[in-house]
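Raw query_29.tsv, TSV, C-alpha atoms:
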chain	number	residue	atom	x	y	z
A	1	MET	CA	0.00	0.00	0.00
A	2	ARG	CA	1.20	3.52	-0.80
A	3	SER	CA	2.10	5.72	2.14
A	4	ILE	CA	0.62	9.22	2.39
A	5	TRP	CA	2.85	10.56	5.17
A	6	ASN	CA	6.29	9.77	6.61
A	7	GLY	CA	7.37	10.65	10.13
A	8	ALA	CA	8.01	9.15	13.54
A	9	ILE	CA	6.18	8.20	16.72
A	10	SER	CA	7.56	10.05	19.73
A	11	PHE	CA	7.20	7.72	22.73
A	12	GLY	CA	9.09	9.37	25.57
A	13	LEU	CA	12.71	9.24	24.48
A	14	VAL	CA	11.92	6.57	21.92
A	15	SER	CA	11.48	7.61	18.28
A	16	ILE	CA	9.90	5.09	15.90
A	17	PRO	CA	10.15	5.89	12.15
A	18	ILE	CA	6.79	5.06	10.56
A	19	LYS	CA	4.79	5.44	7.35
A	20	LEU	CA	1.11	6.40	7.34
A	21	VAL	CA	-1.14	4.24	5.15
A	22	ASN	CA	-4.88	4.59	4.58
A	23	ALA	CA	-6.77	1.85	6.44
A	24	THR	CA	-10.10	2.44	4.68
A	25	GLU	CA	-11.29	2.98	1.12
A	26	ASN	CA	-14.49	4.21	-0.45
A	27	HIS	CA	-16.25	1.77	-2.80
A	28	ALA	CA	-19.21	4.00	-3.58
A	29	ILE	CA	-19.99	4.30	-7.30
A	30	SER	CA	-19.77	7.87	-8.48
A	31	PHE	CA	-21.52	9.27	-11.56
A	32	ARG	CA	-20.42	11.99	-13.98
A	33	GLN	CA	-22.58	14.84	-15.13
A	34	ILE	CA	-22.97	14.65	-18.92
A	35	HIS	CA	-24.76	16.48	-21.70
A	36	THR	CA	-27.69	14.22	-22.59
A	37	ALA	CA	-27.55	15.27	-26.25
A	38	ASP	CA	-24.05	14.00	-27.04
A	39	GLY	CA	-22.65	12.45	-23.85
A	40	GLY	CA	-20.02	15.17	-23.32
A	41	ARG	CA	-18.68	15.77	-19.82
A	42	ILE	CA	-19.98	18.73	-17.80
A	43	ARG	CA	-17.04	20.27	-15.95
A	44	TYR	CA	-16.79	22.93	-13.30
A	45	ARG	CA	-14.32	25.73	-13.87
A	46	LYS	CA	-12.84	28.14	-11.33
A	47	VAL	CA	-13.98	31.62	-12.34
A	48	CYS	CA	-13.32	34.91	-10.59
A	49	GLU	CA	-16.65	36.47	-9.63
A	50	LEU	CA	-15.32	40.00	-10.22
A	51	ASP	CA	-14.07	39.82	-13.82
A	52	GLY	CA	-15.69	36.55	-14.89
A	53	GLU	CA	-12.35	35.15	-16.11
A	54	GLU	CA	-11.28	31.54	-15.53
A	55	VAL	CA	-8.38	31.36	-13.06
A	56	GLY	CA	-5.54	28.83	-13.13
A	57	SER	CA	-4.14	27.05	-10.11
A	58	ALA	CA	-1.06	29.27	-10.04
A	59	GLU	CA	-3.24	32.37	-9.51
A	60	ILE	CA	-5.36	30.92	-6.69
A	61	GLY	CA	-4.43	31.76	-3.11
A	62	LYS	CA	-5.93	31.51	0.36
A	63	GLY	CA	-8.01	34.05	2.19
A	64	TYR	CA	-10.06	34.24	5.37
A	65	GLU	CA	-13.51	35.81	5.05
A	66	GLU	CA	-14.66	37.80	8.05
A	67	ALA	CA	-18.23	38.32	9.22
A	68	ASP	CA	-18.60	41.59	7.31
A	69	GLY	CA	-17.56	39.95	4.02
A	70	SER	CA	-14.02	41.37	3.88
A	71	VAL	CA	-11.25	38.89	3.03
A	72	ILE	CA	-7.82	38.67	4.66
A	73	PRO	CA	-5.25	37.26	2.20
A	74	ILE	CA	-3.07	34.47	3.62
A	75	THR	CA	0.17	33.42	1.91
A	76	ASP	CA	2.22	30.25	2.24
A	77	GLU	CA	4.93	32.33	3.89
A	78	ASP	CA	2.47	33.41	6.57
A	79	LEU	CA	1.60	29.80	7.35
A	80	ALA	CA	5.24	28.72	7.33
A	81	THR	CA	6.05	31.07	10.21
A	82	LEU	CA	3.44	29.47	12.49
A	83	PRO	CA	4.66	26.90	15.06
A	84	LEU	CA	3.76	23.31	14.14
A	85	PRO	CA	5.91	20.99	16.30
A	86	THR	CA	4.06	17.88	15.15
A	87	ALA	CA	4.75	18.43	11.45
A	88	ARG	CA	6.71	15.16	11.17
A	89	THR	CA	5.98	13.58	14.54
A	90	ILE	CA	3.10	11.66	16.10
A	91	GLU	CA	3.59	12.80	19.68
A	92	ILE	CA	1.96	10.53	22.27
A	93	VAL	CA	0.63	12.63	25.18
A	94	THR	CA	-1.20	10.02	27.32
A	95	PHE	CA	-2.62	6.48	27.59
A	96	VAL	CA	-6.30	5.96	28.49
A	97	PRO	CA	-8.78	3.03	28.56
A	98	ALA	CA	-10.41	2.43	25.19
A	99	ALA	CA	-13.92	2.85	26.68
A	100	GLN	CA	-13.07	6.45	27.54
A	101	ILE	CA	-13.02	7.45	23.87
A	102	ASP	CA	-16.41	8.52	22.52
A	103	PRO	CA	-17.05	6.94	19.10
A	104	LEU	CA	-18.44	10.32	17.96
A	105	GLN	CA	-14.86	11.61	17.98
A	106	MET	CA	-13.56	8.94	15.60
A	107	ASP	CA	-12.66	10.06	12.09
A	108	ALA	CA	-10.53	8.48	9.36
A	109	ALA	CA	-8.42	5.40	10.14
A	110	TYR	CA	-4.79	4.74	9.20
A	111	TYR	CA	-2.24	1.95	9.55
A	112	LEU	CA	1.18	2.79	10.97
A	113	ALA	CA	3.93	0.79	9.25
A	114	ALA	CA	7.49	0.50	10.55
A	115	ASN	CA	9.77	2.48	8.24
A	116	GLY	CA	12.95	0.45	7.87
A	117	VAL	CA	14.70	-2.33	9.78
A	118	PRO	CA	15.84	-0.15	12.75
A	119	ALA	CA	12.19	0.72	13.45
A	120	ALA	CA	11.12	-2.93	13.90
A	121	LYS	CA	12.12	-3.34	17.57
A	122	PRO	CA	10.70	-0.08	19.01
A	123	TYR	CA	7.56	-0.60	16.89
A	124	THR	CA	7.08	-4.07	18.36
A	125	LEU	CA	7.75	-2.75	21.87
A	126	LEU	CA	4.98	-0.14	21.62
A	127	ARG	CA	2.57	-2.66	20.11
A	128	GLU	CA	3.09	-5.21	22.88
A	129	ALA	CA	2.87	-2.52	25.59
A	130	LEU	CA	-0.51	-1.40	24.25
A	131	LYS	CA	-1.74	-5.01	24.18
A	132	ARG	CA	-0.71	-5.77	27.76
A	133	SER	CA	-2.04	-2.51	29.23
A	134	ASP	CA	-5.39	-2.80	27.39
A	135	ARG	CA	-5.20	0.90	26.75
A	136	VAL	CA	-5.01	3.22	23.77
A	137	ALA	CA	-2.57	6.04	23.17
A	138	ILE	CA	-3.77	9.61	22.57
A	139	ALA	CA	-1.41	11.56	20.31
A	140	LYS	CA	-1.07	14.80	18.36
A	141	PHE	CA	0.02	14.85	14.72
A	142	ALA	CA	-0.07	17.22	11.75
A	143	LEU	CA	-1.54	16.26	8.38
A	144	ARG	CA	-2.38	18.43	5.35
A	145	GLY	CA	-1.36	21.66	7.02
A	146	ARG	CA	-3.21	21.38	10.33
A	147	GLU	CA	-2.69	19.76	13.72
A	148	ARG	CA	-4.97	16.85	14.55
A	149	LEU	CA	-5.75	14.47	17.39
A	150	GLY	CA	-5.34	10.71	17.07
A	151	MET	CA	-5.86	7.45	18.93
A	152	LEU	CA	-3.40	4.55	18.57
A	153	ARG	CA	-4.58	0.99	19.14
A	154	VAL	CA	-3.54	-2.52	18.10
A	155	VAL	CA	-5.30	-4.34	15.26
A	156	ASP	CA	-3.93	-7.88	14.86
A	157	ASP	CA	-0.14	-7.26	14.69
A	158	VAL	CA	-0.36	-3.70	13.40
A	159	ILE	CA	-0.65	-0.36	15.16
A	160	ALA	CA	-3.64	1.54	13.81
A	161	MET	CA	-4.40	5.20	14.33
A	162	HIS	CA	-7.86	6.75	14.27
A	163	GLY	CA	-8.13	10.43	13.64
A	164	LEU	CA	-10.14	12.07	16.39
A	165	LEU	CA	-12.16	15.23	16.39
A	166	TRP	CA	-11.15	17.77	18.99
A	167	PRO	CA	-13.51	17.76	22.02
A	168	ASP	CA	-14.88	21.19	21.15
A	169	GLU	CA	-15.83	19.92	17.68
A	170	ILE	CA	-18.47	17.56	19.13
A	171	ARG	CA	-21.82	19.29	19.28
A	172	ALA	CA	-24.14	18.80	22.26
A	173	PRO	CA	-27.40	16.95	21.33
A	174	GLU	CA	-29.67	19.81	22.29
A	175	GLY	CA	-33.24	19.57	20.98
A	176	VAL	CA	-32.66	16.18	19.34
A	177	ALA	CA	-34.41	13.84	21.84
A	178	PRO	CA	-38.24	13.67	21.82
A	179	GLU	CA	-39.63	16.33	24.10
A	180	THR	CA	-42.95	14.53	24.62
A	181	LYS	CA	-43.08	12.41	27.77
A	182	VAL	CA	-43.48	8.72	26.90
A	183	THR	CA	-44.07	5.79	29.28
A	184	ILE	CA	-42.53	2.39	28.41
A	185	ARG	CA	-44.02	-0.72	30.05
A	186	GLU	CA	-41.97	-3.76	31.06
A	187	ALA	CA	-43.95	-5.97	28.66
A	188	GLU	CA	-42.87	-3.78	25.76
A	189	LEU	CA	-39.27	-4.04	26.84
A	190	ASP	CA	-39.61	-7.82	27.05
A	191	LEU	CA	-40.94	-7.93	23.48
A	192	ALA	CA	-38.08	-5.75	22.29
A	193	ASP	CA	-35.62	-8.13	23.99
A	194	ALA	CA	-37.32	-11.09	22.30
A	195	LEU	CA	-37.07	-9.40	18.90
A	196	MET	CA	-33.39	-8.74	19.44
A	197	ALA	CA	-32.83	-12.37	20.33
A	198	THR	CA	-34.79	-13.52	17.27
A	199	LEU	CA	-32.57	-11.54	14.90
A	200	GLY	CA	-29.60	-13.35	16.38
A	201	GLU	CA	-25.96	-12.54	15.87
A	202	VAL	CA	-24.56	-11.61	12.48
A	203	GLU	CA	-20.90	-11.51	11.49
A	204	VAL	CA	-20.18	-7.88	10.66
A	205	ALA	CA	-17.60	-8.99	8.09
A	206	SER	CA	-20.38	-10.72	6.11
A	207	LEU	CA	-22.32	-7.49	5.54
A	208	HIS	CA	-22.01	-5.81	2.14
A	209	ASP	CA	-23.52	-2.99	0.11
A	210	ASP	CA	-26.53	-4.44	-1.77
A	211	TYR	CA	-27.22	-1.16	-3.57
A	212	ARG	CA	-23.68	-0.96	-4.97
A	213	THR	CA	-23.98	-4.56	-6.19
A	214	ALA	CA	-27.25	-3.73	-7.97
A	215	VAL	CA	-25.71	-0.64	-9.58
A	216	GLU	CA	-22.71	-2.63	-10.82
A	217	ALA	CA	-25.04	-5.26	-12.33
A	218	MET	CA	-27.08	-2.53	-14.06
A	219	LEU	CA	-23.93	-0.93	-15.51
A	220	ALA	CA	-22.66	-4.28	-16.78
A	221	ALA	CA	-26.00	-5.00	-18.47
A	222	LYS	CA	-26.09	-1.57	-20.15
A	223	SER	CA	-22.50	-1.96	-21.34
A	224	GLU	CA	-23.17	-5.37	-22.87
A	225	SER	CA	-26.33	-4.16	-24.61
A	226	GLY	CA	-24.43	-1.36	-26.33
A	227	GLU	CA	-26.04	1.54	-24.50
A	228	ALA	CA	-22.69	3.16	-23.73
A	229	VAL	CA	-22.41	6.61	-25.33
A	230	THR	CA	-19.16	7.80	-26.87
A	231	PRO	CA	-18.80	11.61	-26.66
A	232	THR	CA	-18.63	13.27	-30.06
A	233	GLN	CA	-15.56	15.22	-29.00
A	234	ALA	CA	-12.89	14.03	-26.62
A	235	PRO	CA	-12.43	16.24	-23.54
A	236	GLU	CA	-9.44	18.54	-23.57
A	237	VAL	CA	-6.50	17.34	-21.51
A	238	SER	CA	-3.28	19.08	-20.51
A	239	GLY	CA	0.08	17.83	-21.39
A	240	ASN	CA	0.94	15.06	-23.90
A	241	ALA	CA	-2.10	12.81	-23.53
A	242	GLN	CA	-2.82	12.55	-27.32
A	243	VAL	CA	-0.35	10.71	-29.58
A	244	ILE	CA	-0.25	11.76	-33.25
A	245	ASP	CA	1.61	10.45	-36.32
A	246	LEU	CA	4.13	13.21	-37.00
A	247	MET	CA	5.12	12.02	-40.49
A	248	ALA	CA	1.49	11.71	-41.59
A	249	ALA	CA	0.74	15.19	-40.29
A	250	LEU	CA	3.74	16.66	-42.14
A	251	GLU	CA	2.87	14.92	-45.42
A	252	LYS	CA	-0.74	16.08	-45.15
A	253	SER	CA	0.41	19.65	-44.51
A	254	VAL	CA	2.69	19.58	-47.59
A	255	ARG	CA	-0.12	18.29	-49.81
A	256	ALA	CA	-2.49	20.95	-48.49
A	257	ALA	CA	0.06	23.71	-49.13
A	258	LYS	CA	0.66	22.54	-52.69
A	259	ALA	CA	-3.05	22.28	-53.36
A	260	SER	CA	-3.54	25.86	-52.17
A	261	ARG	CA	-0.91	27.00	-54.73
A	262	GLY	CA	-2.51	24.97	-57.52
A	263	GLU	CA	0.33	22.44	-57.66
A	264	ALA	CA	-0.23	18.75	-58.12
A	265	ALA	CA	0.75	16.51	-55.22
A	266	GLU	CA	3.82	14.35	-55.79
A	267	PRO	CA	3.25	10.59	-56.10
A	268	ALA	CA	4.38	8.48	-53.22
A	269	GLU	CA	6.91	6.31	-55.14
A	270	VAL	CA	7.37	6.95	-58.94
A	271	ALA	CA	7.24	10.50	-60.30
A	272	GLU	CA	5.59	11.09	-63.70
A	273	VAL	CA	7.40	13.16	-66.35
A	274	THR	CA	5.41	16.28	-67.23
A	275	PRO	CA	5.22	16.91	-71.02
A	276	ILE	CA	7.06	20.02	-72.25
A	277	ARG	CA	4.61	22.76	-73.14
A	278	PRO	CA	4.99	25.13	-76.14
A	279	GLN	CA	6.99	28.30	-75.74
A	280	ALA	CA	3.91	30.54	-75.66
A	281	ALA	CA	2.28	28.43	-73.00
A	282	ARG	CA	5.43	28.53	-70.89
A	283	LYS	CA	5.52	32.32	-71.08
A	284	ASN	CA	1.94	32.64	-69.83
A	285	ALA	CA	2.30	29.97	-67.14
A	286	PRO	CA	2.68	31.21	-63.54
A	287	LYS	CA	6.16	31.05	-62.11
A	288	THR	CA	6.71	28.54	-59.34
A	289	ALA	CA	9.17	28.80	-56.50
A	290	ALA	CA	12.42	26.99	-57.01
A	291	ALA	CA	12.94	23.90	-54.89
A	292	PRO	CA	15.20	24.58	-51.92
A	293	LYS	CA	18.68	23.11	-52.04
A	294	ALA	CA	19.58	20.34	-49.67
A	295	ALA	CA	20.98	21.49	-46.35
A	296	THR	CA	23.71	18.84	-46.31
A	297	GLY	CA	27.06	19.64	-47.84
A	298	LYS	CA	27.65	16.14	-49.23
A	299	LYS	CA	26.25	14.89	-52.51
A	300	SER	CA	24.23	11.74	-52.49
A	301	THR	CA	26.13	8.76	-53.90
A	302	ALA	CA	23.03	6.82	-54.83
A	303	ALA	CA	20.45	8.39	-57.13
A	304	SER	CA	16.84	7.80	-56.20
A	305	PRO	CA	14.21	6.84	-58.84
A	306	THR	CA	12.79	10.34	-58.71
A	307	ALA	CA	16.26	11.88	-59.34
A	308	LYS	CA	16.88	9.57	-62.30
A	309	THR	CA	13.53	10.51	-63.79
A	310	ALA	CA	14.29	14.20	-63.36
A	311	ALA	CA	17.68	13.78	-65.06
A	312	THR	CA	16.05	11.97	-68.01
A	313	ALA	CA	13.53	14.78	-68.35
A	314	THR	CA	16.33	17.36	-68.38
A	315	LYS	CA	18.24	15.51	-71.11
A	316	THR	CA	15.07	15.24	-73.21
A	317	THR	CA	14.45	18.99	-72.82
A	318	ARG	CA	18.02	19.83	-73.90
A	319	ALA	CA	17.82	17.55	-76.96
A	320	THR	CA	14.50	19.02	-78.02
A	321	ARG	CA	15.84	22.56	-77.73
A	322	ALA	CA	18.95	21.67	-79.79
A	323	THR	CA	16.82	20.08	-82.53
A	324	ARG	CA	14.60	23.14	-82.71
A	325	ALA	CA	17.65	25.42	-82.92
A	326	THR	CA	19.14	23.34	-85.79
A	327	LYS	CA	15.87	23.43	-87.73
A	328	ALA	CA	15.59	27.17	-87.22
A	329	THR	CA	19.18	27.70	-88.50
A	330	LYS	CA	18.57	25.63	-91.66
A	331	SER	CA	15.33	27.47	-92.39
A	332	THR	CA	17.06	30.83	-91.98
A	333	ALA	CA	19.86	29.79	-94.35
A	334	LYS	CA	17.40	28.70	-97.06
A	335	THR	CA	15.50	31.96	-96.77
A	336	THR	CA	18.70	34.01	-97.03
A	337	THR	CA	19.86	32.11	-100.16
A	338	ALA	CA	16.53	32.62	-101.92
A	339	LYS	CA	16.50	36.32	-101.13
A	340	THR	CA	20.08	36.71	-102.46
A	341	ALA	CA	19.21	34.94	-105.73
A	342	ARG	CA	16.15	37.08	-106.29
A	343	THR	CA	18.14	40.24	-105.62
A	344	ALA	CA	20.88	39.25	-108.12
A	345	SER	CA	18.34	38.44	-110.87
A	346	ALA	CA	16.64	41.80	-110.39
A	347	LYS	CA	19.98	43.68	-110.65
A	348	THR	CA	20.95	41.79	-113.87
A	349	ALA	CA	17.62	42.64	-115.53
A	350	LYS	CA	17.99	46.35	-114.69
A	351	THR	CA	21.55	46.44	-116.15
A	352	ALA	CA	20.49	44.85	-119.49
A	353	SER	CA	17.62	47.28	-119.87
A	354	ALA	CA	19.89	50.28	-119.34
A	355	THR	CA	22.43	49.01	-121.89
A	356	LYS	CA	19.80	48.69	-124.62
A	357	LYS	CA	18.62	52.27	-124.14
A	358	ALA	CA	22.11	53.71	-124.23
A	359	ALA	CA	23.18	52.05	-127.63
A	360	PRO	CA	22.90	54.38	-130.81
A	361	ARG	CA	20.47	53.44	-133.58
A	362	GLY	CA	21.96	52.60	-137.11
A	363	ARG	CA	21.38	54.91	-140.19
A	364	SER	CA	20.22	53.59	-143.66
A	365	SER	CA	22.64	54.00	-146.70
A	366	ALA	CA	21.82	56.20	-149.73

Just give me the structure of the file as C-alpha cells.
Amino acid sequence: MRSIWNGAISFGLVSIPIKLVNATENHAISFRQIHTADGGRIRYRKVCELDGEEVGSAEIGKGYEEADGSVIPITDEDLATLPLPTARTIEIVTFVPAAQIDPLQMDAAYYLAANGVPAAKPYTLLREALKRSDRVAIAKFALRGRERLGMLRVVDDVIAMHGLLWPDEIRAPEGVAPETKVTIREAELDLADALMATLGEVEVASLHDDYRTAVEAMLAAKSESGEAVTPTQAPEVSGNAQVIDLMAALEKSVRAAKASRGEAAEPAEVAEVTPIRPQAARKNAPKTAAAPKAATGKKSTAASPTAKTAATATKTTRATRATRATKATKSTAKTTTAKTARTASAKTAKTASATKKAAPRGRSSA
C-alpha cells in the first residue's frame, strides 16, 4: 500500500520511524454529469466572480472571510512562520482506557507501518505494551497543514491510528431527543428483547452494500447491450495525452500547401514526367518557386528513382531545344539564299535594260 505521510512516533525518548497508510477505502460508485444530447462531460471551472475570467491554479491563493464579508489574504509564507511541532511527529501525550473514547470523535483510520529495519524493535515494543495494558494512546500529529488528534490501538499485529475530532468539535445533542413524555411498560421491553434475540448474531464482516452490487449489475447490463455513449468530441487534456503520427501530419500539410498553390501533389513512389509545353504556353504559365537546395554539404552517392527521372527529363528537354535550334538555323539559311538569288536576278535585268537604251540606232545607206 502507498504511504501518504512519513514521520516518527515520539514515545518518551523513543522515536519510531513510521509510514502512514490509509486503512479504509471508499467503494461508492460515483456518476459523472454529462450532456444528454451527445454524452459530453460537464465540468466545473474556477472563475473569478469580479471579472468573470477563468483562473488557473497558479493564480489561486488563500483568504479568510470575516463576518462583514471582507477577506484577509493568507500566503504560504504566513503559514510557514506558524509553530507546528508535530509536522513530522506523532507525539503521544497520554494512555487511556479504550472505553473512555467517545465513538463520535472517531474520524478516518490509518495503519502505521514501521519504516525500515531499525524501526522494527521499538515498533514491536509499543505494540506489545498497548496489548498488555489494554489501553489506547492519545497523540497529536499534523496532516495536510493542520494539527490533529489521534488514537493509537492494536489491530492484529499492526498499530492503527484513528483520527479524532477535537472535544470542542463535538456538538451537544440539544433539541434532538423527543420532548414529549413517553411511558414504556416492562412488557414492551420484554418484546423488544425477544425481537433482538430472534434476529440473532450476524458476522459484521459478512455485511455488504446491496445497492452498490445492484448498480454494478445494471452498468454491466447496459454496457453489454451497447447503451454506452461515446462523446462526439474528446475532452481537452493538458500535457501530452494525445499521440499523433508526426510524419502523416507533415505529409498532409505539404499536400495541403501545394493544393492551395494549384500544384499537383507528388506521387508516393514513382514520379511522372510532365510533357514540355509550347513556348507561348510557358511564357503565360505562372512562375513557381524553385525547390530549396539540400541542407547537407555532401552529394548523395546513390540516385533515387525520382532523381533519375528528373535527369532523363532534363536531357530530353536539352535535346529538343537543340533540334529546334538546328531546324531554325537551316530554315534561316534557305530563306537568305533565296532572297540573295532574287536580288541578283533583279539587278541583272535592270543592267540589261539600261544598256539597250544607251546604244545608238543605225542609219540607212543612200

Please, what distance in Å, to one decimal, runs between CA of Asn6 in chain A and CA of Leu143 in chain A?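 Between these atoms lies a distance of 10.3 Å.
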
Report the distance between CA of Ala160 in chain A and CA of Ala28 in chain A in Å, rounded to one decimal place. 23.5 Å

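Minimum distance to Glu147 in chain A across A:Ala256, A:Leu82, A:Val96, A:Ala58 (counting all atoms listed in the file) occurs at A:Leu82.
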
In Å to one decimal, how far is CA of Ala99 in chain A from CA of Ala120 in chain A? 28.7 Å

Please provide as number ranges by chain all residues within 8 Å of Ala139 in chain A, with the sequence filter that same-chain residues fewer than 3 positions apart are discarded (counting only C-alpha atoms). A: 90-94, 149-152

Need the shell around Ile60 in chain A: protein/DNA/RNA residues with any atom at most 10 Å away, counting only C-alpha atoms. Skip same-chain ones fewer than 4 positions apart. Format as a PyMOL selection string? chain A and resi 46+48+55-56

As a list of chain:residue names, please: the residues near Val21 in chain A (cut-off 6 Å, all atoms listed in the file, same-chain neighbours under 2 positions excluded).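 Selected residues are A:Ser3, A:Ile4, A:Tyr110, A:Tyr111.
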
Name the residues in contact with Tyr123 in chain A at a cut-off of 10 Å, using only C-alpha atoms, excluding same-chain residues fewer than 3 positions from it; report them as a PyMOL selection string. chain A and resi 9+14-18+112-115+118-120+126-128+158-159

Selection file, C-alpha atoms, as a PDB file, in the frame of the given file:
ATOM      1  CA  ILE A   9       6.180   8.200  16.720  1.00  0.00           C
ATOM      2  CA  VAL A  14      11.920   6.570  21.920  1.00  0.00           C
ATOM      3  CA  SER A  15      11.480   7.610  18.280  1.00  0.00           C
ATOM      4  CA  ILE A  16       9.900   5.090  15.900  1.00  0.00           C
ATOM      5  CA  PRO A  17      10.150   5.890  12.150  1.00  0.00           C
ATOM      6  CA  ILE A  18       6.790   5.060  10.560  1.00  0.00           C
ATOM      7  CA  LEU A 112       1.180   2.790  10.970  1.00  0.00           C
ATOM      8  CA  ALA A 113       3.930   0.790   9.250  1.00  0.00           C
ATOM      9  CA  ALA A 114       7.490   0.500  10.550  1.00  0.00           C
ATOM     10  CA  ASN A 115       9.770   2.480   8.240  1.00  0.00           C
ATOM     11  CA  PRO A 118      15.840  -0.150  12.750  1.00  0.00           C
ATOM     12  CA  ALA A 119      12.190   0.720  13.450  1.00  0.00           C
ATOM     13  CA  ALA A 120      11.120  -2.930  13.900  1.00  0.00           C
ATOM     14  CA  LEU A 126       4.980  -0.140  21.620  1.00  0.00           C
ATOM     15  CA  ARG A 127       2.570  -2.660  20.110  1.00  0.00           C
ATOM     16  CA  GLU A 128       3.090  -5.210  22.880  1.00  0.00           C
ATOM     17  CA  VAL A 158      -0.360  -3.700  13.400  1.00  0.00           C
ATOM     18  CA  ILE A 159      -0.650  -0.360  15.160  1.00  0.00           C
TER      19      ILE A 159
END

Pick from A:Ala177, A:Val47, A:Leu164, A:Ile72, whichever lies nearest to Pro103 in chain A using only C-alpha atoms: A:Leu164
